[in-house]
Amino acid sequence: MTDVIVMNWQELEVSKDSVRLLLREPTVERVILVDNGSTDGSVEYFSNTEHPKFTFLPMGENKGSSVARNRAIELTTAPYIWLLDGDIMYIKGSIEEYEKILDLYPDAYCVGQNSMELLNRLGHNGVTDPTEADYRMENDYTIEQWFPMAWTQYGLFRGDLLRETKFIEEGVFGEAGWGAEDDYLHHEMTAKGYVSLAVDKPIYYHFAHSGLRELQKAGLETKMAERIKILEARWGKNATWSKTIVRAGDYLNRTKRLKPT
């Protein structure tokens, strides 16, 4: 069973459709939507959303992804936690299939979708067509360990591990900004002996990276350089997933097929 955390900021139209789909999923125990200080009507809409499995957690202001996710993680109790960013539409059936994967691979702390494949198909910023995606996972995918990151945008995590580790809130990670908290979490998990997994079927993005664009529209800095400085001070130079891929060359050559237990 899974608790879901949807992190929303200025993404009402996509988030409300994701919540609608998530509440219908048979293995979902609870959907927690944490709002990072939206001004687009999200607070009003989700404050009036009534469902026995739905919890609304308004932050009041944008304190960054780490703080918002951690506050929501504190409310979870399920064996698995699904993380979903508000700019991505949930695809029905994903959670159930990802649960099967983590059940098979005890050394994996999370599983997500193959972002590089998605980038190749849709381009870096994905698509802007708000039409609802209705793509089902089915079971004809492959599972790979090849991508050095935590799948915070769209992924399933082991609940106990995420509640124990959480996201870094040090310095600028505790403020409005963008990126690198997932890289930091990945290094913490791998230091404990766990790996992240990816499936080779991409999801359908809606308004990809809209959080970044909303920061820019609001006149807020990403603080990416400061975030990477903290990351590299702890985990070494070129610790971000993108630099790891650049150093490794062709990512396809790094694919490692896994065997389930």
# chains A, B, ... in the order shown; residues from 1 in each chain; ligands from 1
$ residues_around --residues "stretch 62-68 of chain A" --least-positions-apart "3" --cutoff "9 Å" --atoms "only C-alpha atoms" --output "JSON, numbers by chain"
{"A": [7, 9, 34, 35, 36, 37, 38, 57, 59, 71, 72, 73, 166, 167, 168, 169, 172, 173, 174, 175, 176, 177, 178, 179, 181, 182]}
$ write_last_selection --atoms "C-alpha atoms" --output "compact mmCIF listing (two decimals), in the first residue's frame"
# COMPACT_ATOMS: atom_id res chain seq x y z
CA MET A 7 3.89 18.76 -4.45
CA TRP A 9 3.00 25.25 -6.75
CA VAL A 34 1.30 19.90 -0.17
CA ASP A 35 0.98 23.41 -1.59
CA ASN A 36 4.04 25.67 -1.61
CA GLY A 37 2.21 29.00 -1.41
CA SER A 38 0.30 29.00 -4.71
CA LEU A 57 -1.26 20.58 3.53
CA MET A 59 2.67 25.67 3.45
CA ARG A 71 6.42 18.11 6.07
CA ALA A 72 4.25 15.79 4.00
CA ILE A 73 6.50 12.77 4.60
CA LYS A 166 14.20 12.82 4.34
CA PHE A 167 15.44 15.70 2.19
CA ILE A 168 18.22 18.14 3.01
CA GLU A 169 16.97 21.48 4.39
CA VAL A 172 19.35 27.43 0.54
CA PHE A 173 17.69 24.01 0.45
CA GLY A 174 15.32 25.41 3.07
CA GLU A 175 14.30 28.31 0.84
CA ALA A 176 12.49 28.81 -2.46
CA GLY A 177 14.72 27.49 -5.23
CA TRP A 178 15.09 24.69 -7.69
CA GLY A 179 16.97 21.41 -7.99
CA GLU A 181 17.82 18.02 -3.40
CA ASP A 182 17.07 14.79 -5.25
$ residues_around --residues "A:Ile101" --least-positions-apart "6" --cutoff "10 Å" --atoms "only C-alpha atoms" --output "PyMOL selection string"
chain A and resi 95+108+110-111+143+156+197-199+260
$ atom_distance --atom1 "atom CA of A:Phe46" --atom2 "atom CA of A:Thr152"
21.8 Å
$ residues_around --residues "A:Thr190" --least-positions-apart "3" --cutoff "12 Å" --atoms "only C-alpha atoms" --output "PDB file with C-alpha atoms, in the first residue's frame"
ATOM      1  CA  ASP A 107      18.185  -3.338  -2.502  1.00  0.00           C
ATOM      2  CA  ALA A 108      16.314  -0.571  -4.327  1.00  0.00           C
ATOM      3  CA  TYR A 109      15.149   2.487  -2.388  1.00  0.00           C
ATOM      4  CA  CYS A 110      13.053   3.826  -5.262  1.00  0.00           C
ATOM      5  CA  PRO A 148      22.207   8.254 -10.600  1.00  0.00           C
ATOM      6  CA  MET A 149      19.280  10.070  -9.052  1.00  0.00           C
ATOM      7  CA  ALA A 150      16.214   9.835  -6.827  1.00  0.00           C
ATOM      8  CA  LEU A 161      13.795   4.796   4.289  1.00  0.00           C
ATOM      9  CA  THR A 165      16.436  10.015   5.667  1.00  0.00           C
ATOM     10  CA  ASP A 183      20.768  14.319  -6.050  1.00  0.00           C
ATOM     11  CA  TYR A 184      21.617  14.790  -2.372  1.00  0.00           C
ATOM     12  CA  LEU A 185      19.034  12.225  -1.303  1.00  0.00           C
ATOM     13  CA  HIS A 186      20.346   9.739  -3.852  1.00  0.00           C
ATOM     14  CA  HIS A 187      23.889   9.987  -2.449  1.00  0.00           C
ATOM     15  CA  GLY A 193      23.846   0.479   0.168  1.00  0.00           C
ATOM     16  CA  TYR A 194      20.671   1.076  -1.856  1.00  0.00           C
ATOM     17  CA  VAL A 195      20.189   1.710  -5.574  1.00  0.00           C
ATOM     18  CA  SER A 196      17.580   3.525  -7.667  1.00  0.00           C
ATOM     19  CA  LEU A 197      15.792   1.773 -10.514  1.00  0.00           C
ATOM     20  CA  TRP A 235      29.592  14.303  -1.943  1.00  0.00           C
TER      21      TRP A 235
END
$ select_by_dssp --residues "stretch 8-109 of chain A" --states "helix (DSSP H, G or I)" --output "ChimeraX atom specification"
/A:12-22,42-47,65-73,94-104
$ write_last_selection --atoms "N, CA and C atoms" --output "mmCIF file, in the first residue's frame"
data_model
loop_
_atom_site.group_PDB
_atom_site.id
_atom_site.type_symbol
_atom_site.label_atom_id
_atom_site.label_comp_id
_atom_site.auth_asym_id
_atom_site.auth_seq_id
_atom_site.Cartn_x
_atom_site.Cartn_y
_atom_site.Cartn_z
ATOM 1 N N LEU A 12 -2.386 24.182 -10.605
ATOM 2 C CA LEU A 12 -3.704 23.683 -10.233
ATOM 3 C C LEU A 12 -4.287 22.718 -11.259
ATOM 4 N N GLU A 13 -4.273 23.084 -12.534
ATOM 5 C CA GLU A 13 -4.986 22.293 -13.545
ATOM 6 C C GLU A 13 -4.431 20.880 -13.676
ATOM 7 N N VAL A 14 -3.113 20.735 -13.621
ATOM 8 C CA VAL A 14 -2.514 19.405 -13.721
ATOM 9 C C VAL A 14 -2.673 18.655 -12.398
ATOM 10 N N SER A 15 -2.426 19.333 -11.280
ATOM 11 C CA SER A 15 -2.488 18.671 -9.976
ATOM 12 C C SER A 15 -3.883 18.145 -9.653
ATOM 13 N N LYS A 16 -4.910 18.905 -9.987
ATOM 14 C CA LYS A 16 -6.255 18.442 -9.629
ATOM 15 C C LYS A 16 -6.641 17.205 -10.425
ATOM 16 N N ASP A 17 -6.162 17.096 -11.677
ATOM 17 C CA ASP A 17 -6.444 15.886 -12.450
ATOM 18 C C ASP A 17 -5.650 14.708 -11.907
ATOM 19 N N SER A 18 -4.401 14.950 -11.477
ATOM 20 C CA SER A 18 -3.608 13.876 -10.883
ATOM 21 C C SER A 18 -4.268 13.367 -9.609
ATOM 22 N N VAL A 19 -4.724 14.277 -8.758
ATOM 23 C CA VAL A 19 -5.383 13.883 -7.514
ATOM 24 C C VAL A 19 -6.624 13.049 -7.822
ATOM 25 N N ARG A 20 -7.407 13.475 -8.808
ATOM 26 C CA ARG A 20 -8.610 12.734 -9.192
ATOM 27 C C ARG A 20 -8.263 11.295 -9.585
ATOM 28 N N LEU A 21 -7.203 11.134 -10.368
ATOM 29 C CA LEU A 21 -6.792 9.795 -10.802
ATOM 30 C C LEU A 21 -6.213 8.989 -9.640
ATOM 31 N N LEU A 22 -5.421 9.626 -8.798
ATOM 32 C CA LEU A 22 -4.774 8.934 -7.686
ATOM 33 C C LEU A 22 -5.780 8.390 -6.678
ATOM 34 N N SER A 42 -5.138 27.334 -6.288
ATOM 35 C CA SER A 42 -4.922 25.985 -5.761
ATOM 36 C C SER A 42 -5.377 25.857 -4.315
ATOM 37 N N VAL A 43 -5.052 26.848 -3.494
ATOM 38 C CA VAL A 43 -5.384 26.782 -2.069
ATOM 39 C C VAL A 43 -6.893 26.719 -1.887
ATOM 40 N N GLU A 44 -7.611 27.561 -2.617
ATOM 41 C CA GLU A 44 -9.065 27.573 -2.505
ATOM 42 C C GLU A 44 -9.664 26.254 -2.991
ATOM 43 N N TYR A 45 -9.145 25.744 -4.102
ATOM 44 C CA TYR A 45 -9.684 24.514 -4.672
ATOM 45 C C TYR A 45 -9.454 23.325 -3.743
ATOM 46 N N PHE A 46 -8.221 23.121 -3.305
ATOM 47 C CA PHE A 46 -7.917 21.936 -2.513
ATOM 48 C C PHE A 46 -8.402 22.053 -1.067
ATOM 49 N N SER A 47 -8.615 23.278 -0.603
ATOM 50 C CA SER A 47 -9.215 23.450 0.726
ATOM 51 C C SER A 47 -10.643 22.921 0.750
ATOM 52 N N SER A 65 11.398 22.780 -2.239
ATOM 53 C CA SER A 65 10.881 21.420 -2.379
ATOM 54 C C SER A 65 11.199 20.541 -1.182
ATOM 55 N N SER A 66 12.398 20.695 -0.622
ATOM 56 C CA SER A 66 12.792 19.840 0.496
ATOM 57 C C SER A 66 11.862 20.003 1.689
ATOM 58 N N VAL A 67 11.619 21.237 2.079
ATOM 59 C CA VAL A 67 10.787 21.505 3.251
ATOM 60 C C VAL A 67 9.365 20.998 3.018
ATOM 61 N N ALA A 68 8.811 21.293 1.841
ATOM 62 C CA ALA A 68 7.439 20.880 1.544
ATOM 63 C C ALA A 68 7.307 19.359 1.568
ATOM 64 N N ARG A 69 8.222 18.682 0.907
ATOM 65 C CA ARG A 69 8.144 17.218 0.895
ATOM 66 C C ARG A 69 8.317 16.644 2.301
ATOM 67 N N ASN A 70 9.259 17.174 3.062
ATOM 68 C CA ASN A 70 9.502 16.637 4.405
ATOM 69 C C ASN A 70 8.298 16.792 5.313
ATOM 70 N N ARG A 71 7.605 17.929 5.232
ATOM 71 C CA ARG A 71 6.424 18.107 6.066
ATOM 72 C C ARG A 71 5.352 17.086 5.709
ATOM 73 N N ALA A 72 5.238 16.781 4.420
ATOM 74 C CA ALA A 72 4.250 15.791 3.998
ATOM 75 C C ALA A 72 4.691 14.380 4.376
ATOM 76 N N ILE A 73 5.974 14.093 4.253
ATOM 77 C CA ILE A 73 6.498 12.770 4.605
ATOM 78 C C ILE A 73 6.192 12.448 6.067
ATOM 79 N N SER A 94 0.461 3.210 -12.675
ATOM 80 C CA SER A 94 1.896 3.324 -12.404
ATOM 81 C C SER A 94 2.252 2.825 -11.010
ATOM 82 N N ILE A 95 1.488 3.234 -10.009
ATOM 83 C CA ILE A 95 1.832 2.882 -8.634
ATOM 84 C C ILE A 95 1.808 1.372 -8.442
ATOM 85 N N GLU A 96 0.778 0.726 -8.947
ATOM 86 C CA GLU A 96 0.661 -0.718 -8.767
ATOM 87 C C GLU A 96 1.832 -1.460 -9.407
ATOM 88 N N GLU A 97 2.248 -1.020 -10.595
ATOM 89 C CA GLU A 97 3.376 -1.663 -11.262
ATOM 90 C C GLU A 97 4.686 -1.381 -10.540
ATOM 91 N N TYR A 98 4.856 -0.159 -10.048
ATOM 92 C CA TYR A 98 6.088 0.189 -9.322
ATOM 93 C C TYR A 98 6.171 -0.562 -7.991
ATOM 94 N N GLU A 99 5.027 -0.781 -7.356
ATOM 95 C CA GLU A 99 5.017 -1.578 -6.127
ATOM 96 C C GLU A 99 5.548 -2.990 -6.398
ATOM 97 N N LYS A 100 5.147 -3.574 -7.510
ATOM 98 C CA LYS A 100 5.627 -4.911 -7.869
ATOM 99 C C LYS A 100 7.146 -4.925 -8.025
ATOM 100 N N ILE A 101 7.687 -3.853 -8.598
ATOM 101 C CA ILE A 101 9.136 -3.776 -8.814
ATOM 102 C C ILE A 101 9.882 -3.717 -7.488
ATOM 103 N N LEU A 102 9.459 -2.824 -6.582
ATOM 104 C CA LEU A 102 10.158 -2.714 -5.297
ATOM 105 C C LEU A 102 9.988 -3.971 -4.456
ATOM 106 N N ASP A 103 8.889 -4.675 -4.637
ATOM 107 C CA ASP A 103 8.717 -5.950 -3.943
ATOM 108 C C ASP A 103 9.766 -6.964 -4.391
ATOM 109 N N LEU A 104 10.184 -6.862 -5.644
ATOM 110 C CA LEU A 104 11.147 -7.814 -6.203
ATOM 111 C C LEU A 104 12.607 -7.447 -5.921
#
$ closest_residue --among "A:Arg30, A:Lys243, A:Arg24, A:Arg234" --to "A:Ala191" --atoms "only C-alpha atoms"
A:Arg234
$ select_by_dssp --residues "stretch 157-208 of chain A" --states "strand (DSSP E or B)" --output "ChimeraX atom specification"
/A:157-158,195-199,205
$ atom_distance --atom1 "atom CA of A:Val28" --atom2 "atom CA of A:Lys201"
21.6 Å
$ atom_distance --atom1 "atom CA of A:Asn8" --atom2 "atom CA of A:Arg227"
21.0 Å
